[in-house]
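Here the structure is laid out as structure tokens; the discussion comes afterwards.
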Amino acid sequence: MRIIKQLFGSLLLLSLFSSCSNDVDIYADYKDISIVYGIMDSSDDTTWLKITKAFQGPGNALLFATNPDSSNYDYKLDVKMVGVKNGVEKQTIVFDTITIKNKHAGDSVFYYPNQIVYYSTEVLDVEYKYELVIIREDGEITSETKIVDDFYVTYPNRSIDFKNNNKEIEWNSAANGKRYEVSFKFNYKELLPGSSDTTIQSVSWNLAGAVRSSSLAGGENMYKAYSGDEFYSILENELEVILNVQRWAIDVDIIIPSATQDFDTYLEVNQGADNLLSEVPIYTNIDGGIGLFASRKTIVKSAALSAGSELKLVVEYPDLGFKPRN
């Protein structure tokens, strides 16, 4: 959706700058521009593609955006992915359409609540390069991506330490994975005063800054530093102080998504796109259209809170209500 927003922004800026030119035909023939967005993940049970269109012609783009007929094709596109290995076609995946109803008023300037998307439940093979082919009535749209392979965390092993600073998360890079980001999710049990039901709660936070591999071959030793003090600071800011509440630490999920080179480039190019003083950049790897066709892979490793980290949480932050685990 961010790609589509940026394209509309570009079109609106273009209309503003061209309105004073005698060379612009404001009654030019309508021309639609295909917008394609798809992120492949071999661990997902469904592969999704969002295919829509923007406009080049007379009218108000903001009004077009509220009309689904202006963004959706009035016919079903012929959409497929071809898995190729060593130059040989190994797999053909044909996409069907489905309407999902998960958009709410105010999410954006675009129409709601229904969204037409293309999908397939066929399993992706990490050894294949996938070539996307979309057949329109007036042409063909193509792109390609390799699939980010599996990878794993090498450190920590069974427990994670927040008692000390200058600690690191370590992992081996994935084949075809260029960009990596690290986040934590601290899971805990909570018993509110006057209640007999214990609930599972969590607090999440991201470690700032992406880490990039030097190659796409995989197996490279990667790491991301973190500060133990940040763990306690975030809990103090995020958790409500409740008199007589009881809480118990469960574990910490270490979450690392990886993205292909094209996905990384798209994110880097568009970092400043929300700044009104900057130009609105558009990165695309779609031939015959605009958008992004790429791959990612997310791994999660759970580790217990180290004994020293848990003791510090219980003793030094009594207002949070954490108790030692039995």
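A note on labels: chains of the structure tokens are A, B, ... as shown, every chain counts residues from 1, and ligands are counted from 1 in their shown order.
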Original post:
Counting only C-alpha atoms, what is within 7 Å of Ile135 in chain A, bar same-chain residues fewer than 6 positions away, as a PyMOL selection string?
Top reply: chain A and resi 77-79+141
**OP:** Mind giving me the straight-line distance from CA of Ile33 in chain A to CA of Thr284 in chain A in Å, one decimal?
**Re:**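 CA of Thr284 in chain A lies at a distance of 12.8 Å from CA of Ile33 in chain A.
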**OP:** Excluding Lys90 in chain A and residues on its chain fewer than 2 positions from it, collect all residues at most 12 Å away from it, counting only C-alpha atoms, and give them as a PyMOL selection string.
**Re:** chain A and resi 81-88+92-93+124-125+127-131
Residues from the last selection, N, CA and C atoms, saved as a PDB file, in the first residue's frame:
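Result saved to selection_29.pdb:
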ATOM      1  N   MET A  81       3.375 -17.714 -11.528  1.00  0.00           N
ATOM      2  CA  MET A  81       4.797 -17.699 -11.197  1.00  0.00           C
ATOM      3  C   MET A  81       5.408 -18.995 -11.708  1.00  0.00           C
ATOM      4  N   VAL A  82       6.583 -18.874 -12.292  1.00  0.00           N
ATOM      5  CA  VAL A  82       7.296 -20.041 -12.807  1.00  0.00           C
ATOM      6  C   VAL A  82       8.573 -20.232 -12.005  1.00  0.00           C
ATOM      7  N   GLY A  83       8.706 -21.403 -11.379  1.00  0.00           N
ATOM      8  CA  GLY A  83       9.918 -21.728 -10.643  1.00  0.00           C
ATOM      9  C   GLY A  83      10.969 -22.298 -11.569  1.00  0.00           C
ATOM     10  N   VAL A  84      12.141 -21.678 -11.560  1.00  0.00           N
ATOM     11  CA  VAL A  84      13.210 -22.064 -12.482  1.00  0.00           C
ATOM     12  C   VAL A  84      14.452 -22.465 -11.693  1.00  0.00           C
ATOM     13  N   LYS A  85      15.069 -23.571 -12.085  1.00  0.00           N
ATOM     14  CA  LYS A  85      16.322 -24.019 -11.478  1.00  0.00           C
ATOM     15  C   LYS A  85      17.285 -24.422 -12.576  1.00  0.00           C
ATOM     16  N   ASN A  86      18.465 -23.797 -12.575  1.00  0.00           N
ATOM     17  CA  ASN A  86      19.490 -24.062 -13.592  1.00  0.00           C
ATOM     18  C   ASN A  86      18.946 -23.882 -15.002  1.00  0.00           C
ATOM     19  N   GLY A  87      18.085 -22.866 -15.160  1.00  0.00           N
ATOM     20  CA  GLY A  87      17.551 -22.563 -16.481  1.00  0.00           C
ATOM     21  C   GLY A  87      16.398 -23.435 -16.924  1.00  0.00           C
ATOM     22  N   VAL A  88      15.960 -24.357 -16.067  1.00  0.00           N
ATOM     23  CA  VAL A  88      14.885 -25.281 -16.426  1.00  0.00           C
ATOM     24  C   VAL A  88      13.642 -24.956 -15.607  1.00  0.00           C
ATOM     25  N   THR A  92       5.019 -24.417 -12.058  1.00  0.00           N
ATOM     26  CA  THR A  92       4.167 -23.325 -12.500  1.00  0.00           C
ATOM     27  C   THR A  92       3.045 -23.150 -11.491  1.00  0.00           C
ATOM     28  N   ILE A  93       2.939 -21.946 -10.932  1.00  0.00           N
ATOM     29  CA  ILE A  93       1.923 -21.624  -9.935  1.00  0.00           C
ATOM     30  C   ILE A  93       0.948 -20.637 -10.547  1.00  0.00           C
ATOM     31  N   LEU A 124       6.317 -23.032  -1.957  1.00  0.00           N
ATOM     32  CA  LEU A 124       7.472 -22.471  -2.661  1.00  0.00           C
ATOM     33  C   LEU A 124       8.718 -23.296  -2.373  1.00  0.00           C
ATOM     34  N   ASP A 125       9.583 -23.381  -3.351  1.00  0.00           N
ATOM     35  CA  ASP A 125      10.849 -24.115  -3.223  1.00  0.00           C
ATOM     36  C   ASP A 125      11.991 -23.110  -3.132  1.00  0.00           C
ATOM     37  N   GLU A 127      14.993 -23.422  -3.596  1.00  0.00           N
ATOM     38  CA  GLU A 127      16.043 -23.615  -4.588  1.00  0.00           C
ATOM     39  C   GLU A 127      15.682 -22.999  -5.939  1.00  0.00           C
ATOM     40  N   TYR A 128      14.455 -22.524  -6.073  1.00  0.00           N
ATOM     41  CA  TYR A 128      14.005 -21.980  -7.346  1.00  0.00           C
ATOM     42  C   TYR A 128      14.095 -20.451  -7.361  1.00  0.00           C
ATOM     43  N   LYS A 129      14.342 -19.924  -8.519  1.00  0.00           N
ATOM     44  CA  LYS A 129      14.105 -18.511  -8.792  1.00  0.00           C
ATOM     45  C   LYS A 129      12.703 -18.429  -9.392  1.00  0.00           C
ATOM     46  N   TYR A 130      11.880 -17.516  -8.869  1.00  0.00           N
ATOM     47  CA  TYR A 130      10.508 -17.421  -9.348  1.00  0.00           C
ATOM     48  C   TYR A 130      10.339 -16.226 -10.279  1.00  0.00           C
ATOM     49  N   GLU A 131       9.801 -16.530 -11.463  1.00  0.00           N
ATOM     50  CA  GLU A 131       9.536 -15.509 -12.466  1.00  0.00           C
ATOM     51  C   GLU A 131       8.035 -15.225 -12.478  1.00  0.00           C
TER      52      GLU A 131
END
Subject >> Expected answer as a PyMOL selection string: strand (DSSP E) residues in range 143-303 of chain A >> reply: chain A and resi 143-146+153-155+159-160+167-172+179-180+183-191+199-206+211-212+221-226+246-259+290-303
Original post:
Which polymer residues have any atom within 9 Å of an atom of range 159-174 of chain A, counting only C-alpha atoms, with same-chain residues fewer than 5 positions away left out, as a ChimeraX atom specification?
Top reply: /A:148-154,180,182,213,216-232,251-252,254,258,297,302-313
Can you spit out the residues from that selection as a short mmCIF file (atom, residue, chain, number, x, y, z; two decimals), in the first residue's frame, using N, CA and C atoms?
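Saved file again_36.cif follows:
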data_model
loop_
_atom_site.label_atom_id
_atom_site.label_comp_id
_atom_site.auth_asym_id
_atom_site.auth_seq_id
_atom_site.Cartn_x
_atom_site.Cartn_y
_atom_site.Cartn_z
N VAL A 148 14.39 -16.27 -0.03
CA VAL A 148 15.28 -16.29 1.13
C VAL A 148 15.17 -17.65 1.82
N ASP A 149 16.31 -18.30 2.01
CA ASP A 149 16.35 -19.63 2.62
C ASP A 149 16.25 -19.53 4.14
N ASP A 150 16.15 -20.66 4.78
CA ASP A 150 16.07 -20.70 6.24
C ASP A 150 17.42 -20.35 6.86
N PHE A 151 17.43 -19.87 8.09
CA PHE A 151 18.64 -19.60 8.85
C PHE A 151 18.30 -19.72 10.32
N TYR A 152 19.29 -19.58 11.19
CA TYR A 152 19.03 -19.83 12.61
C TYR A 152 19.94 -18.98 13.50
N VAL A 153 19.44 -18.75 14.71
CA VAL A 153 20.20 -18.01 15.73
C VAL A 153 21.24 -18.93 16.34
N THR A 154 22.47 -18.46 16.43
CA THR A 154 23.54 -19.26 17.04
C THR A 154 23.83 -18.85 18.48
N TYR A 180 18.80 -7.72 7.47
CA TYR A 180 18.32 -8.37 8.69
C TYR A 180 17.98 -7.31 9.73
N VAL A 182 16.42 -7.05 13.93
CA VAL A 182 16.25 -7.85 15.15
C VAL A 182 15.26 -7.16 16.08
N SER A 213 24.31 -8.48 5.02
CA SER A 213 25.35 -9.47 4.73
C SER A 213 26.24 -8.96 3.60
N LEU A 216 25.30 -12.95 -0.81
CA LEU A 216 24.01 -13.63 -0.76
C LEU A 216 24.16 -15.14 -0.72
N ALA A 217 25.38 -15.61 -0.47
CA ALA A 217 25.64 -17.06 -0.49
C ALA A 217 25.11 -17.76 0.74
N GLY A 218 24.99 -17.03 1.87
CA GLY A 218 24.53 -17.64 3.12
C GLY A 218 25.69 -18.16 3.95
N GLY A 219 25.42 -18.43 5.24
CA GLY A 219 26.43 -18.98 6.13
C GLY A 219 27.37 -17.98 6.74
N GLU A 220 27.14 -16.68 6.51
CA GLU A 220 28.01 -15.64 7.06
C GLU A 220 27.65 -15.38 8.52
N ASN A 221 28.65 -15.19 9.37
CA ASN A 221 28.40 -14.89 10.78
C ASN A 221 27.91 -13.45 10.92
N MET A 222 26.73 -13.28 11.52
CA MET A 222 26.11 -11.98 11.66
C MET A 222 25.86 -11.71 13.15
N TYR A 223 25.79 -10.43 13.53
CA TYR A 223 25.49 -10.12 14.92
C TYR A 223 24.84 -8.75 15.03
N LYS A 224 24.11 -8.56 16.13
CA LYS A 224 23.48 -7.29 16.45
C LYS A 224 23.63 -7.05 17.93
N ALA A 225 24.24 -5.92 18.32
CA ALA A 225 24.46 -5.60 19.72
C ALA A 225 23.19 -5.03 20.35
N TYR A 226 23.04 -5.28 21.64
CA TYR A 226 21.92 -4.69 22.37
C TYR A 226 22.36 -4.34 23.78
N SER A 227 21.61 -3.44 24.41
CA SER A 227 21.91 -3.01 25.77
C SER A 227 20.91 -3.64 26.74
N GLY A 228 21.43 -4.27 27.79
CA GLY A 228 20.55 -4.86 28.79
C GLY A 228 19.70 -3.83 29.50
N ASP A 229 20.23 -2.62 29.68
CA ASP A 229 19.48 -1.58 30.37
C ASP A 229 18.19 -1.22 29.61
N GLU A 230 18.23 -1.37 28.29
CA GLU A 230 17.05 -1.02 27.49
C GLU A 230 15.87 -1.93 27.84
N PHE A 231 16.15 -3.19 28.15
CA PHE A 231 15.10 -4.13 28.51
C PHE A 231 14.29 -3.62 29.70
N TYR A 232 14.98 -3.23 30.76
CA TYR A 232 14.29 -2.78 31.97
C TYR A 232 13.63 -1.41 31.75
N ASP A 251 9.43 -16.18 28.78
CA ASP A 251 10.61 -16.27 27.92
C ASP A 251 10.69 -15.03 27.05
N VAL A 252 11.70 -14.99 26.20
CA VAL A 252 11.90 -13.88 25.26
C VAL A 252 12.00 -14.46 23.85
N ILE A 254 13.24 -14.05 20.20
CA ILE A 254 14.19 -13.30 19.37
C ILE A 254 13.69 -13.42 17.93
N SER A 258 14.54 -11.52 7.43
CA SER A 258 15.56 -11.28 6.42
C SER A 258 14.88 -10.96 5.10
N LYS A 297 12.13 -13.83 4.86
CA LYS A 297 12.01 -15.01 5.74
C LYS A 297 12.18 -14.52 7.17
N SER A 302 13.04 -18.77 20.87
CA SER A 302 12.65 -18.44 22.23
C SER A 302 13.76 -18.82 23.20
N ALA A 303 14.04 -17.93 24.13
CA ALA A 303 15.07 -18.16 25.15
C ALA A 303 14.54 -17.71 26.50
N ALA A 304 14.86 -18.47 27.52
CA ALA A 304 14.44 -18.10 28.87
C ALA A 304 15.22 -16.89 29.35
N LEU A 305 14.63 -16.13 30.24
CA LEU A 305 15.33 -15.02 30.88
C LEU A 305 16.39 -15.62 31.81
N SER A 306 17.63 -15.15 31.70
CA SER A 306 18.69 -15.69 32.54
C SER A 306 18.36 -15.46 34.02
N ALA A 307 18.92 -16.30 34.89
CA ALA A 307 18.63 -16.20 36.33
C ALA A 307 18.98 -14.82 36.88
N GLY A 308 20.14 -14.28 36.46
CA GLY A 308 20.56 -12.97 36.93
C GLY A 308 19.64 -11.87 36.44
N SER A 309 19.16 -11.99 35.17
CA SER A 309 18.26 -10.99 34.62
C SER A 309 16.91 -11.01 35.32
N GLU A 310 16.43 -12.22 35.63
CA GLU A 310 15.15 -12.34 36.32
C GLU A 310 15.25 -11.82 37.75
N LEU A 311 16.35 -12.11 38.43
CA LEU A 311 16.53 -11.64 39.80
C LEU A 311 16.57 -10.12 39.85
N LYS A 312 17.24 -9.51 38.88
CA LYS A 312 17.29 -8.06 38.82
C LYS A 312 15.89 -7.48 38.60
N LEU A 313 15.10 -8.10 37.75
CA LEU A 313 13.75 -7.64 37.49
C LEU A 313 12.89 -7.70 38.75
#
Could you list, as a JSON list (two decimals) with C-alpha atoms, in the first residue's frame, every residue within 8 Å of Ser70 in chain A, counting only C-alpha atoms and ignoring same-chain residues fewer than 5 positions away?
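Output contents, as saved in out-v8.json:
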[["chain", "number", "residue", "atom", "x", "y", "z"],
["A", 53, "LYS", "CA", -3.75, 0.29, -11.09],
["A", 54, "ALA", "CA", -3.10, 4.00, -10.90],
["A", 64, "PHE", "CA", -10.27, 8.05, -8.04],
["A", 65, "ALA", "CA", -8.75, 6.42, -4.96]]
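Among the candidates A:Leu239, A:Leu132, A:Ala175, A:Val315, the residue lying nearest to Ile286 in chain A is A:Leu132 (atoms considered: only C-alpha atoms).
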Range 111-116 of chain A surroundings by only C-alpha atoms, 7 Å radius, close-in-sequence under 4 positions cut, as a short mmCIF file (atom, residue, chain, number, x, y, z; two decimals) with N, CA, C and O atoms, in the first residue's frame:
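The result, written out as selection-v8.cif:
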data_model
loop_
_atom_site.label_atom_id
_atom_site.label_comp_id
_atom_site.auth_asym_id
_atom_site.auth_seq_id
_atom_site.Cartn_x
_atom_site.Cartn_y
_atom_site.Cartn_z
N ALA A 65 -9.19 7.39 -5.97
CA ALA A 65 -8.75 6.42 -4.96
C ALA A 65 -9.90 5.87 -4.14
O ALA A 65 -9.83 4.76 -3.62
N THR A 66 -10.97 6.64 -4.00
CA THR A 66 -12.12 6.19 -3.20
C THR A 66 -13.05 5.28 -3.99
O THR A 66 -14.00 4.73 -3.42
N ASN A 67 -12.80 5.12 -5.26
CA ASN A 67 -13.65 4.30 -6.12
C ASN A 67 -12.92 3.01 -6.48
O ASN A 67 -11.92 3.04 -7.19
N PRO A 68 -13.42 1.85 -6.03
CA PRO A 68 -12.73 0.59 -6.33
C PRO A 68 -12.64 0.31 -7.82
O PRO A 68 -11.68 -0.33 -8.27
N THR A 97 -8.20 -15.34 -7.55
CA THR A 97 -8.56 -14.12 -6.82
C THR A 97 -9.46 -14.44 -5.63
O THR A 97 -10.18 -15.43 -5.63
N ILE A 98 -9.39 -13.57 -4.64
CA ILE A 98 -10.25 -13.66 -3.47
C ILE A 98 -10.50 -12.25 -2.95
O ILE A 98 -9.63 -11.38 -3.11
N THR A 99 -11.65 -12.01 -2.37
CA THR A 99 -11.95 -10.71 -1.78
C THR A 99 -11.83 -10.81 -0.27
O THR A 99 -12.47 -11.64 0.36
N ILE A 100 -10.98 -9.98 0.31
CA ILE A 100 -10.81 -9.93 1.76
C ILE A 100 -11.42 -8.64 2.28
O ILE A 100 -11.49 -7.65 1.56
N LYS A 101 -11.87 -8.69 3.52
CA LYS A 101 -12.58 -7.53 4.09
C LYS A 101 -11.91 -7.09 5.38
O LYS A 101 -12.45 -7.27 6.47
N ASN A 102 -10.74 -6.53 5.25
CA ASN A 102 -9.96 -6.17 6.44
C ASN A 102 -9.53 -4.72 6.45
O ASN A 102 -8.63 -4.34 7.20
N LYS A 103 -10.13 -3.89 5.64
CA LYS A 103 -9.74 -2.49 5.59
C LYS A 103 -10.84 -1.63 6.19
O LYS A 103 -12.03 -1.89 5.98
N HIS A 104 -10.44 -0.61 6.96
CA HIS A 104 -11.39 0.22 7.67
C HIS A 104 -11.31 1.67 7.19
O HIS A 104 -10.30 2.12 6.67
N ALA A 105 -12.40 2.37 7.38
CA ALA A 105 -12.43 3.80 7.03
C ALA A 105 -11.36 4.55 7.82
O ALA A 105 -11.22 4.35 9.02
#
